[in-house]
>>> print(open('work-v6.cif').read())   # mmCIF, C-alpha atoms
data_structure
#
loop_
_atom_site.label_atom_id
_atom_site.label_comp_id
_atom_site.auth_asym_id
_atom_site.auth_seq_id
_atom_site.Cartn_x
_atom_site.Cartn_y
_atom_site.Cartn_z
CA MET A 1 -21.16 15.86 -101.87
CA GLU A 2 -23.51 13.64 -103.83
CA LEU A 3 -22.17 11.49 -106.63
CA LEU A 4 -24.17 10.09 -109.54
CA THR A 5 -23.08 6.64 -110.62
CA LYS A 6 -24.15 4.18 -113.27
CA LYS A 7 -22.77 1.10 -114.93
CA VAL A 8 -22.39 0.77 -118.67
CA GLY A 9 -21.35 -2.82 -119.24
CA ASP A 10 -18.41 -3.31 -116.92
CA ILE A 11 -17.57 0.41 -116.83
CA VAL A 12 -18.41 2.43 -113.72
CA VAL A 13 -19.37 5.99 -114.68
CA VAL A 14 -19.28 8.51 -111.86
CA GLY A 15 -19.61 12.28 -111.51
CA LEU A 16 -20.82 14.99 -109.16
CA ALA A 17 -24.61 15.19 -108.97
CA GLU A 18 -24.49 18.98 -108.98
CA PRO A 19 -21.96 21.59 -110.04
CA GLY A 20 -19.31 22.12 -107.38
CA ALA A 21 -15.69 22.08 -106.37
CA LEU A 22 -13.45 19.10 -105.78
CA GLU A 23 -11.09 20.42 -103.15
CA ALA A 24 -9.55 19.87 -99.74
CA SER A 25 -12.89 20.21 -97.91
CA ASN A 26 -14.63 17.37 -99.72
CA VAL A 27 -11.93 15.32 -101.37
CA GLY A 28 -11.84 12.71 -98.60
CA ALA A 29 -15.47 11.77 -99.18
CA PHE A 30 -14.97 11.72 -102.96
CA ARG A 31 -11.94 9.46 -102.69
CA GLU A 32 -13.63 7.08 -100.26
CA THR A 33 -16.83 6.80 -102.30
CA ILE A 34 -14.93 6.05 -105.49
CA ALA A 35 -12.65 3.57 -103.74
CA ASN A 36 -15.76 1.64 -102.71
CA LEU A 37 -17.26 1.86 -106.18
CA VAL A 38 -14.21 0.46 -107.90
CA LYS A 39 -13.36 -2.23 -105.37
CA ASP A 40 -14.55 -4.89 -107.77
CA ALA A 41 -14.26 -2.92 -111.00
CA THR A 42 -11.27 -2.19 -113.19
CA ARG A 43 -12.83 0.30 -115.57
CA ILE A 44 -13.96 3.71 -114.39
CA LEU A 45 -15.01 6.82 -116.24
CA ILE A 46 -15.09 10.03 -114.21
CA ASP A 47 -17.43 12.62 -115.66
CA MET A 48 -15.80 15.94 -114.76
CA GLY A 49 -18.62 18.03 -116.25
CA ASN A 50 -19.94 19.22 -112.90
CA ILE A 51 -16.55 19.92 -111.36
CA THR A 52 -16.28 23.69 -111.54
CA PHE A 53 -13.12 24.03 -109.47
CA LEU A 54 -10.23 21.65 -108.77
CA ASP A 55 -7.42 22.30 -106.33
CA SER A 56 -4.27 20.29 -105.70
CA SER A 57 -6.09 18.05 -103.21
CA GLY A 58 -8.68 17.19 -105.85
CA LEU A 59 -5.93 16.53 -108.35
CA GLY A 60 -4.18 14.31 -105.82
CA ALA A 61 -7.37 12.30 -105.35
CA LEU A 62 -7.65 11.71 -109.10
CA VAL A 63 -4.02 10.57 -109.22
CA ALA A 64 -4.60 8.21 -106.27
CA ILE A 65 -7.65 6.65 -107.98
CA TRP A 66 -5.72 6.33 -111.23
CA ARG A 67 -2.83 4.63 -109.42
CA ASN A 68 -5.20 2.25 -107.64
CA ILE A 69 -6.94 1.24 -110.86
CA SER A 70 -3.71 1.02 -112.86
CA SER A 71 -2.12 -1.24 -110.25
CA ARG A 72 -4.93 -3.70 -110.95
CA ASP A 73 -4.42 -3.45 -114.72
CA GLY A 74 -7.56 -1.35 -114.98
CA GLU A 75 -8.34 1.85 -116.80
CA MET A 76 -9.45 5.23 -115.49
CA LYS A 77 -10.60 7.78 -118.03
CA LEU A 78 -12.09 11.26 -117.75
CA CYS A 79 -14.60 13.17 -119.82
CA ARG A 80 -16.12 16.65 -120.03
CA VAL A 81 -13.22 18.50 -118.41
CA GLY A 82 -14.05 22.19 -118.07
CA PRO A 83 -11.64 25.10 -118.60
CA SER A 84 -10.77 25.68 -114.94
CA VAL A 85 -9.90 22.02 -114.37
CA ARG A 86 -8.02 21.90 -117.65
CA THR A 87 -5.79 24.75 -116.42
CA VAL A 88 -4.70 22.63 -113.44
CA PHE A 89 -4.21 19.58 -115.67
CA GLU A 90 -2.02 21.52 -118.08
CA LEU A 91 0.10 23.16 -115.40
CA THR A 92 0.81 19.78 -113.84
CA ARG A 93 1.02 17.99 -117.21
CA ILE A 94 -1.42 15.43 -115.87
CA HIS A 95 -3.38 15.59 -119.13
CA ARG A 96 -0.53 13.49 -120.55
CA VAL A 97 -1.14 10.80 -117.97
CA PHE A 98 -4.93 10.74 -117.85
CA GLU A 99 -6.99 9.82 -120.89
CA VAL A 100 -9.39 12.72 -121.36
CA TYR A 101 -12.37 12.77 -123.76
CA ASP A 102 -14.73 15.56 -124.71
CA THR A 103 -17.90 13.51 -124.26
CA GLU A 104 -19.08 10.51 -122.30
CA GLU A 105 -19.93 8.72 -125.54
CA GLU A 106 -16.40 9.11 -126.90
CA ALA A 107 -14.91 7.93 -123.64
CA LEU A 108 -17.15 4.87 -123.43
CA ALA A 109 -16.38 3.97 -127.04
CA SER A 110 -12.65 4.17 -126.32
CA TYR A 111 -12.90 1.31 -123.80
CA GLN A 112 -14.30 -0.93 -126.47
CA ALA A 113 -11.61 -0.07 -128.98
CA MET B 1 -6.94 49.87 -107.01
CA ILE B 2 -9.03 47.38 -105.05
CA GLN B 3 -7.98 46.27 -101.58
CA GLY B 4 -9.46 43.98 -98.98
CA THR B 5 -8.74 41.95 -95.89
CA LEU B 6 -10.32 38.85 -94.41
CA THR B 7 -9.57 36.53 -91.51
CA ILE B 8 -10.60 32.90 -91.82
CA GLN B 9 -10.37 30.02 -89.39
CA SER B 10 -8.14 27.01 -89.93
CA GLU B 11 -10.60 24.57 -91.40
CA ALA B 12 -11.16 23.34 -94.91
CA ALA B 13 -14.67 24.77 -95.24
CA GLU B 14 -13.28 28.25 -94.58
CA VAL B 15 -11.18 28.03 -97.72
CA VAL B 16 -14.40 28.29 -99.71
CA ARG B 17 -15.09 31.59 -97.94
CA ALA B 18 -11.61 32.83 -98.84
CA ARG B 19 -12.20 31.87 -102.44
CA ASP B 20 -15.56 33.65 -102.54
CA TRP B 21 -13.91 36.73 -101.03
CA ILE B 22 -11.13 36.95 -103.63
CA SER B 23 -13.63 36.24 -106.37
CA ALA B 24 -15.76 39.20 -105.24
CA LEU B 25 -12.69 41.48 -105.12
CA ALA B 26 -11.60 40.28 -108.56
CA CYS B 27 -15.08 41.02 -109.91
CA LYS B 28 -14.98 44.50 -108.38
CA ALA B 29 -11.57 45.10 -109.97
CA GLY B 30 -12.91 43.98 -113.33
CA ILE B 31 -10.15 41.49 -114.03
CA SER B 32 -10.57 38.63 -116.47
CA GLN B 33 -12.30 35.39 -115.59
CA GLN B 34 -9.06 33.46 -116.09
CA GLU B 35 -7.17 35.83 -113.80
CA ALA B 36 -9.89 35.49 -111.18
CA LEU B 37 -9.77 31.71 -111.42
CA GLU B 38 -6.00 31.72 -110.96
CA LEU B 39 -6.30 33.94 -107.88
CA GLN B 40 -8.92 31.59 -106.42
CA LEU B 41 -6.65 28.63 -107.05
CA VAL B 42 -3.48 30.11 -105.51
CA LEU B 43 -5.38 31.46 -102.52
CA SER B 44 -7.00 28.06 -101.96
CA GLU B 45 -3.60 26.39 -102.10
CA ALA B 46 -2.06 28.92 -99.70
CA CYS B 47 -4.89 28.59 -97.17
CA THR B 48 -4.90 24.79 -97.39
CA ASN B 49 -1.12 24.75 -96.85
CA ALA B 50 -1.51 26.91 -93.74
CA ILE B 51 -4.25 24.64 -92.39
CA LYS B 52 -2.28 21.46 -93.06
CA HIS B 53 1.28 22.48 -92.29
CA ALA B 54 1.13 25.50 -89.97
CA TYR B 55 -1.79 24.30 -87.86
CA GLY B 56 -1.56 20.54 -88.46
CA MET B 57 -5.29 20.38 -89.35
CA ARG B 58 -6.25 21.81 -85.94
CA LYS B 59 -9.37 23.94 -86.23
CA GLY B 60 -10.06 27.41 -84.86
CA TYR B 61 -6.79 29.21 -85.55
CA PRO B 62 -6.63 32.41 -87.59
CA ILE B 63 -5.35 32.89 -91.12
CA LYS B 64 -5.23 36.55 -92.12
CA LEU B 65 -5.60 37.42 -95.76
CA SER B 66 -5.05 40.65 -97.61
CA ALA B 67 -5.31 41.41 -101.28
CA THR B 68 -4.42 44.36 -103.47
CA ILE B 69 -5.48 44.32 -107.09
CA GLY B 70 -3.92 47.16 -109.04
CA ASP B 71 -3.43 47.93 -112.69
CA ASP B 72 0.20 46.84 -112.64
CA ARG B 73 0.16 43.99 -110.16
CA ILE B 74 -1.84 41.78 -107.84
CA ARG B 75 -0.55 41.08 -104.35
CA LEU B 76 -1.91 38.50 -101.93
CA VAL B 77 -0.61 38.08 -98.38
CA ILE B 78 -1.47 35.02 -96.31
CA ARG B 79 -0.41 35.14 -92.67
CA ASP B 80 -0.64 32.25 -90.23
CA PHE B 81 0.50 31.98 -86.63
CA GLY B 82 1.34 28.30 -86.47
CA ARG B 83 4.42 26.23 -87.23
CA LYS B 84 6.82 28.03 -89.55
CA MET B 85 7.06 26.93 -93.13
CA ASP B 86 10.10 24.69 -93.69
CA LEU B 87 11.11 25.21 -97.29
CA GLN B 88 13.88 22.63 -96.96
CA LYS B 89 11.17 20.00 -96.93
CA TYR B 90 9.58 21.20 -100.16
CA GLN B 91 10.16 19.05 -103.19
CA LYS B 92 8.83 19.89 -106.61
CA PRO B 93 6.50 17.09 -107.70
CA ASP B 94 7.92 14.69 -110.25
CA LEU B 95 5.50 15.34 -113.10
CA GLY B 96 6.80 12.34 -115.01
CA ASP B 97 5.70 10.04 -112.21
CA PRO B 98 2.85 12.03 -110.69
CA PRO B 99 2.45 11.81 -106.91
CA ASP B 100 -0.94 12.01 -105.20
CA SER B 101 0.01 15.12 -103.20
CA GLY B 102 2.45 18.02 -103.09
CA TYR B 103 1.22 20.19 -105.95
CA GLY B 104 0.20 23.26 -103.92
CA ILE B 105 3.39 25.33 -103.93
CA TYR B 106 4.18 24.17 -107.45
CA LEU B 107 0.86 25.59 -108.68
CA MET B 108 1.52 28.88 -106.87
CA GLN B 109 4.94 29.10 -108.53
CA CYS B 110 3.43 28.39 -111.94
CA LEU B 111 0.74 31.03 -111.65
CA MET B 112 2.44 33.85 -109.76
CA ASP B 113 5.59 35.85 -110.49
CA GLU B 114 6.72 35.94 -106.87
CA VAL B 115 6.15 33.40 -104.09
CA HIS B 116 7.86 34.51 -100.91
CA PHE B 117 7.67 32.82 -97.50
CA ASP B 118 8.72 35.09 -94.63
CA VAL B 119 9.51 33.08 -91.50
CA SER B 120 11.21 35.92 -89.62
CA TYR B 121 8.24 36.49 -87.32
CA ASP B 122 8.20 35.14 -83.75
CA GLU B 123 5.45 32.80 -84.80
CA GLY B 124 4.01 31.64 -88.07
CA THR B 125 4.68 32.43 -91.69
CA GLU B 126 3.72 35.25 -94.01
CA LEU B 127 3.35 34.18 -97.60
CA THR B 128 3.35 36.90 -100.24
CA LEU B 129 2.20 36.13 -103.76
CA VAL B 130 2.66 38.70 -106.51
CA LYS B 131 1.45 38.66 -110.09
CA ARG B 132 2.70 41.39 -112.38
CA ARG B 133 0.10 42.48 -114.86
CA HIS B 134 2.19 44.16 -117.56
CA LYS B 135 2.61 40.81 -119.24
CA SER B 136 -0.47 39.19 -120.68
CA ILE B 137 -2.29 37.46 -117.88
CA ASN B 138 -4.06 35.34 -120.42
CA ALA B 139 -0.88 34.12 -122.03
CA PRO B 140 -1.06 30.44 -122.90
CA ILE B 141 0.32 28.07 -120.34
CA HIS B 142 3.55 26.37 -121.33
CA PRO B 143 3.62 23.20 -119.28
CA ASP B 144 6.78 22.01 -120.99
CA SER B 145 8.90 24.85 -119.71
CA ASP B 146 10.98 24.05 -116.68
CA ARG B 147 10.26 26.21 -113.71
#
>>> encode(input="work-v6.cif", output="structure tokens")
Amino acid sequence: MELLTKKVGDIVVVGLAEPGALEASNVGAFRETIANLVKDATRILIDMGNITFLDSSGLGALVAIWRNISSRDGEMKLCRVGPSVRTVFELTRIHRVFEVYDTEEEALASYQA
Amino acid sequence: MIQGTLTIQSEAAEVVRARDWISALACKAGISQQEALELQLVLSEACTNAIKHAYGMRKGYPIKLSATIGDDRIRLVIRDFGRKMDLQKYQKPDLGDPPDSGYGIYLMQCLMDEVHFDVSYDEGTELTLVKRRHKSINAPIHPDSDR
């Protein structure tokens, strides 16, 4: 799994480089990579646009990252959540916990608000 | 009616093969994209559960899958030959204080009408998942309802 990352001010923006699943088979690598990226950062935006399938392991990884960031008074936000991922979010009500934006621009602007 | 069987090995990469298999069957049966996605999700969760809990992440053990997609219902059967499922240990995730694991069975229960674990075999567990199709499969999800 290859991740694309960039920094916009003090915000780390990260997403999958290519369309694919975030699931049990690759979630360990995803979690580890993001943990390293946010070691010294407290603001992260996860671009979900290339995540075509999310299982409970992928959801668990997102919750773990959110907990990590929140425990350091940071903020994790998500953008470009597709319909299949949204189904999982709605069933687990996690869309009430995560801040989700339609576009990267909207999400980035929300940090500055 | 569309039917199929597949045996996968107990490793995470094989779950992708299971998902591709059910997706192909769903396509053959002509069911909706949303229905197909839900089948992929519940099958993924069932296979991952078997790998984690029945086989303790040990690779190379069989998980037998069968699927029947009919006009009135969809039936998936997932059979492992490892440690039996212990339902006493299952706890519904606290959605108000979300944990970072434990959503698999919950998702199956949300998406299917029947989730039955049969542990009466000498070894392993047979999980049967049934979705009745007389009600609208594309009905909106009601996350606020208690299940």
>>> closest_residue(input="work-v6.cif", among="B:Thr5, B:Thr68, B:Ser101, B:Gln40", to="chain A", atoms="only C-alpha atoms")
B:Ser101
>>> resolve_selection(input="work-v6.cif", expression="the PyMOL selection byres ((chain A and resi 83-85) around 9)", output="PyMOL selection string")
(chain A and resi 48+51-55+81-82+86-90) or (chain B and resi 34+37-38)
>>> interface_residues(input="work-v6.cif", of="chain B", to="chain A", cutoff="6 Å", atoms="only C-alpha atoms", output="PyMOL selection string")
chain B and resi 12-13+100-101+103-104+143
>>> resolve_selection(input="work-v6.cif", expression="the PyMOL selection byres ((chain B and resi 53) around 12)", output="PyMOL selection string")
chain B and resi 10+45-52+54-58+80-87+89-90+102+104+124-125
>>> write_last_selection(input="work-v6.cif", atoms="C-alpha atoms", output="PDB file, in the frame of the given file")
ATOM      1  CA  SER B  10      -8.140  27.010 -89.930  1.00  0.00           C
ATOM      2  CA  GLU B  45      -3.600  26.390-102.100  1.00  0.00           C
ATOM      3  CA  ALA B  46      -2.060  28.920 -99.700  1.00  0.00           C
ATOM      4  CA  CYS B  47      -4.890  28.590 -97.170  1.00  0.00           C
ATOM      5  CA  THR B  48      -4.900  24.790 -97.390  1.00  0.00           C
ATOM      6  CA  ASN B  49      -1.120  24.750 -96.850  1.00  0.00           C
ATOM      7  CA  ALA B  50      -1.510  26.910 -93.740  1.00  0.00           C
ATOM      8  CA  ILE B  51      -4.250  24.640 -92.390  1.00  0.00           C
ATOM      9  CA  LYS B  52      -2.280  21.460 -93.060  1.00  0.00           C
ATOM     10  CA  ALA B  54       1.130  25.500 -89.970  1.00  0.00           C
ATOM     11  CA  TYR B  55      -1.790  24.300 -87.860  1.00  0.00           C
ATOM     12  CA  GLY B  56      -1.560  20.540 -88.460  1.00  0.00           C
ATOM     13  CA  MET B  57      -5.290  20.380 -89.350  1.00  0.00           C
ATOM     14  CA  ARG B  58      -6.250  21.810 -85.940  1.00  0.00           C
ATOM     15  CA  ASP B  80      -0.640  32.250 -90.230  1.00  0.00           C
ATOM     16  CA  PHE B  81       0.500  31.980 -86.630  1.00  0.00           C
ATOM     17  CA  GLY B  82       1.340  28.300 -86.470  1.00  0.00           C
ATOM     18  CA  ARG B  83       4.420  26.230 -87.230  1.00  0.00           C
ATOM     19  CA  LYS B  84       6.820  28.030 -89.550  1.00  0.00           C
ATOM     20  CA  MET B  85       7.060  26.930 -93.130  1.00  0.00           C
ATOM     21  CA  ASP B  86      10.100  24.690 -93.690  1.00  0.00           C
ATOM     22  CA  LEU B  87      11.110  25.210 -97.290  1.00  0.00           C
ATOM     23  CA  LYS B  89      11.170  20.000 -96.930  1.00  0.00           C
ATOM     24  CA  TYR B  90       9.580  21.200-100.160  1.00  0.00           C
ATOM     25  CA  GLY B 102       2.450  18.020-103.090  1.00  0.00           C
ATOM     26  CA  GLY B 104       0.200  23.260-103.920  1.00  0.00           C
ATOM     27  CA  GLY B 124       4.010  31.640 -88.070  1.00  0.00           C
ATOM     28  CA  THR B 125       4.680  32.430 -91.690  1.00  0.00           C
TER      29      THR B 125
END
>>> atom_distance(input="work-v6.cif", atom1="CA of Leu3 in chain A", atom2="CA of Ser71 in chain A")
24.0 Å
>>> resolve_selection(input="work-v6.cif", expression="the PyMOL selection byres ((chain A and resi 6) around 12)", output="PDB file with C-alpha atoms, in the coordinates of the input")
ATOM      1  CA  LEU A   3     -22.170  11.490-106.630  1.00  0.00           C
ATOM      2  CA  LEU A   4     -24.170  10.090-109.540  1.00  0.00           C
ATOM      3  CA  THR A   5     -23.080   6.640-110.620  1.00  0.00           C
ATOM      4  CA  LYS A   7     -22.770   1.100-114.930  1.00  0.00           C
ATOM      5  CA  VAL A   8     -22.390   0.770-118.670  1.00  0.00           C
ATOM      6  CA  GLY A   9     -21.350  -2.820-119.240  1.00  0.00           C
ATOM      7  CA  ASP A  10     -18.410  -3.310-116.920  1.00  0.00           C
ATOM      8  CA  ILE A  11     -17.570   0.410-116.830  1.00  0.00           C
ATOM      9  CA  VAL A  12     -18.410   2.430-113.720  1.00  0.00           C
ATOM     10  CA  VAL A  13     -19.370   5.990-114.680  1.00  0.00           C
ATOM     11  CA  VAL A  14     -19.280   8.510-111.860  1.00  0.00           C
ATOM     12  CA  GLY A  15     -19.610  12.280-111.510  1.00  0.00           C
ATOM     13  CA  ALA A  17     -24.610  15.190-108.970  1.00  0.00           C
ATOM     14  CA  LEU A  37     -17.260   1.860-106.180  1.00  0.00           C
ATOM     15  CA  VAL A  38     -14.210   0.460-107.900  1.00  0.00           C
ATOM     16  CA  ILE A  44     -13.960   3.710-114.390  1.00  0.00           C
ATOM     17  CA  LEU A  45     -15.010   6.820-116.240  1.00  0.00           C
ATOM     18  CA  ILE A  46     -15.090  10.030-114.210  1.00  0.00           C
ATOM     19  CA  ASP A  47     -17.430  12.620-115.660  1.00  0.00           C
TER      20      ASP A  47
END
>>> residues_near_point(input="work-v6.cif", point="(2.3, 30.8, -110.4)", cutoff="10 Å", atoms="all atoms listed in the file", output="list in words")
Leu91 of chain A; Glu38, Leu39, Leu41, Val42, Ile105, Tyr106, Leu107, Met108, Gln109, Cys110, Leu111, Met112, Asp113, Glu114, Val115, Leu129, Val130, Lys131 and Arg147 of chain B
>>> atom_distance(input="work-v6.cif", atom1="CA of Arg17 in chain B", atom2="CA of Leu43 in chain B")
10.7 Å
>>> closest_residue(input="work-v6.cif", among="B:Gln9, B:Lys64, B:Asp20, B:Asp122", to="Leu76 in chain B", atoms="all atoms listed in the file")
B:Lys64
>>> closest_residue(input="work-v6.cif", among="A:Gly28, A:Asn68, A:Arg43, A:Arg80", to="Glu104 in chain A", atoms="only C-alpha atoms")
A:Arg80
>>> atom_distance(input="work-v6.cif", atom1="CA of Gln33 in chain B", atom2="CA of Ala107 in chain A")
28.7 Å
